[in-house]
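Structure first, commentary second.
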Amino acid sequence: MRKPLAVFSCAVALFAAAALPAAAAELHVAVAANFSGPLQTLAPLFEKSSGNQLVISSGSSGQLYTQIRQGAPFDLFLSADTDKPKQLENEGLTVPGSRFIYAIGTLVLWSPRPGVVDDQGKVLEAQRYRYIGIANPQTAPYGTAAQQVLSRLNLWDKLNRDKKVVTGENITQTWQFASTGSVDMSFVALSQVLGADGQIAGSSWRVPQSLYDPIEQGAVAVAHGNQQAAAQAFLTWLRTDPSALAVIRAAGYRTAD
Amino acid sequence: MSSADLIAIWISLRLAATTTLLLLLLCAPLAWWLAIGAARWRIVIDAVVSLPLVLPPTVLGFYLLLLLSPHGAVGAALRGLGLPAPAFTFTGLVIGSMLYSLPFAVQPLRDAFQGVGTRALEVAATLRASPWDRFLTVALPLSVRGLLTAAVLSFAHTLGEFGVVLMIGGNIPGRTETASIALFNHAEALDYGAAYHLSLILLAVCFALLLFVYSANRRLRTPGVLV
């Protein structure tokens, strides 16, 4: 009877003790879910070089865009596409001149099992598979790219007629389809499947850039942020610092030259 | 277990406790009125109370965001009064959660009040108990289990809520990032280890709480309840 109460009080005391110490300058960053991992790696590097801390909120680009339009207290927005930063800029909600492309994604056709996907993507045309996973082309940039690839290979209509295309809500769900074996293979982001050793487990095909439009991710400083100088400093650091660029590339992205 | 996750759990517990307390205070009179009231349009209110069950949480959160943000109707009005807009703050989370969990508080209470029936209340009335007195000293004590059910459901439902708090809170660590959002973030980042840890702790905490409440509930079984 009293035990759960005691456990609960202990837990409460523990949580209270774990409260973070207040930091000097905090930059609130709204980041697209697909880049939150690399940003977690970048945060301590930036803190070391500038003394400023990053407070990271991740979500879908659309949700973050809506929240910024509604006055959410973010200083920076790292989107998964270029449209939403551009739209914010058109609406006068960004710091003029702050927008740039911080990462370019690579599309990969991937299966967790070896020997399923060949490195030329011939498996697509052979069509000896039940299901192929792609992200929602309407909302996810990697989904749009996957649709372009299948269209340019003249497979889109046929695969849809045969009901072979399974659509994930976002690129994470699409990865999960393949990783759980629910589909034979999925179009995913290189950043999702690239191991720390620079290798991809299973089998994969890095889709040639000629088959899809570049998946560019844009960043901006938010106009109503109250740390504009520090925010601009972060964007400059993200664009030019060699260690920052190295982290982005190691995570499976290209950077604008 | 990172300190950020611990803080997220703490925020969730605080949110669920605050929401439950406020909901019970607000819903007891409302449910009472729904249970005994005779007004024709009572059924309309009854239906409205259940609406949060119908709307997808993210949609509910989106509308709340439009209302409560610094640019929204309510948010702007509050700012005019020198108060902060509720969106992206803990207060905003509480407002959103109260709306989201409203049916879970009202319905068990309403049913419990109805279960009390009119006899006990009429007897009390013949003993010159005022309507307020009848509510506080007869109906409420006889409905204590309904009260408990309402509390448990509101608490658990708020703890597990995701869409509304994500939209209206903005997922700001240390301020509006709840455990369920932190969990989602881990899963989105494919960090399944951290996600497992967090869900395990969340489940353990809730299980302990529910066990505590239900064991209390058994002792609260009121003898001689009129059926």
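Within each chain, counting starts at residue 1; across the structure tokens, chains are named A, B, ... in the order shown, with ligands numbered 1 upward in that order.
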- Using DSSP on the backbone coordinates, identify the residues of range 21-203 of chain A assigned to alpha helix (DSSP H); present them as a ChimeraX atom specification. /A:36-50,61-69,83-90,122-126,141-152,156-161,171-179,190-193
- Secondary structure check, strand (DSSP E or B) residues of range 1-246 of chain A, as number ranges by chain: A: 26-32, 53-59, 76-78, 94, 100-105, 107-111, 132-135, 165-168, 185-189, 194, 200, 203-206, 215-222
- Message: Set the distance at 9 Å and use only C-alpha atoms: which residues neighbour Ala31 in chain B once local chain neighbours fewer than 4 positions away are removed? I'd like the list as a ChimeraX atom specification.
- Response: /B:26-27,35-36,105-111,113
Proximity check chain B to chain A, 9 Å, nearest pairs one decimal Å, only C-alpha atoms, as CSV:
```
residue,atom,partner,partner_atom,distance
B:Ser3,CA,A:Ala18,CA,6.0
B:Ala4,CA,A:Leu20,CA,8.3
B:Leu6,CA,A:Phe15,CA,5.9
B:Ile7,CA,A:Phe15,CA,6.3
B:Ile9,CA,A:Phe15,CA,8.2
B:Trp10,CA,A:Phe15,CA,6.2
B:Phe62,CA,A:Thr66,CA,8.7
B:Leu65,CA,A:Gln70,CA,7.4
B:Leu66,CA,A:Gln70,CA,7.0
B:Ser69,CA,A:Gln70,CA,5.6
B:Pro70,CA,A:Gly71,CA,5.9
B:His71,CA,A:Gln70,CA,5.9
B:Gly72,CA,A:Gln70,CA,7.5
B:Ala87,CA,A:Ala72,CA,7.7
B:Phe88,CA,A:Ala72,CA,6.4
B:Leu166,CA,A:Gly59,CA,8.5
B:Met167,CA,A:Gln63,CA,7.1
B:Ile168,CA,A:Gln67,CA,8.1
B:Gly169,CA,A:Ala72,CA,8.8
B:Gly170,CA,A:Gln67,CA,7.0
B:Asn171,CA,A:Ser57,CA,5.4
B:Ile172,CA,A:Ser57,CA,5.4
B:Pro173,CA,A:Val55,CA,6.7
B:Gly174,CA,A:Leu20,CA,8.3
B:Glu177,CA,A:Ser57,CA,8.3
B:Asn185,CA,A:Ser58,CA,7.0
B:Ala187,CA,A:Thr172,CA,8.5
B:Glu188,CA,A:Thr172,CA,6.1
B:Ala189,CA,A:Gly37,CA,6.2
B:Leu190,CA,A:Thr172,CA,7.7
B:Val205,CA,A:Phe8,CA,7.8
B:Ala208,CA,A:Pro4,CA,5.9
B:Leu209,CA,A:Pro4,CA,7.0
B:Leu211,CA,A:Pro4,CA,8.0
B:Phe212,CA,A:Pro4,CA,6.3
B:Ser215,CA,A:Met1,CA,7.3
B:Ala216,CA,A:Met1,CA,7.9
```
- Close residues, range 126-138 of chain B itself excluded, 9 Å, only C-alpha atoms, min 6 positions apart in chain, as a ChimeraX atom specification: /B:29,32,116,120
Phe184 in chain B surroundings by only C-alpha atoms, 9 Å radius, close-in-sequence under 5 positions cut, as a tab-separated table (two decimals) with N, CA and C atoms, in the first residue's frame:
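Saved as result-v3.tsv:
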```
chain	number	residue	atom	x	y	z
B	162	PHE	N	-0.20	12.55	-27.33
B	162	PHE	CA	0.93	12.88	-28.18
B	162	PHE	C	0.63	14.01	-29.17
B	179	ALA	N	7.14	13.00	-22.08
B	179	ALA	CA	7.77	11.69	-22.26
B	179	ALA	C	7.33	11.04	-23.56
B	189	ALA	N	14.41	8.98	-34.66
B	189	ALA	CA	15.85	9.03	-34.89
B	189	ALA	C	16.45	7.62	-34.96
B	195	ALA	N	14.47	4.52	-26.87
B	195	ALA	CA	13.01	4.43	-26.90
B	195	ALA	C	12.51	3.31	-25.97
```
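Of the listed residues (B:Ala125, B:Ala16, B:Val59, B:Ala28), B:Ala28 comes nearest to Ala112 in chain B; the distances count only C-alpha atoms.
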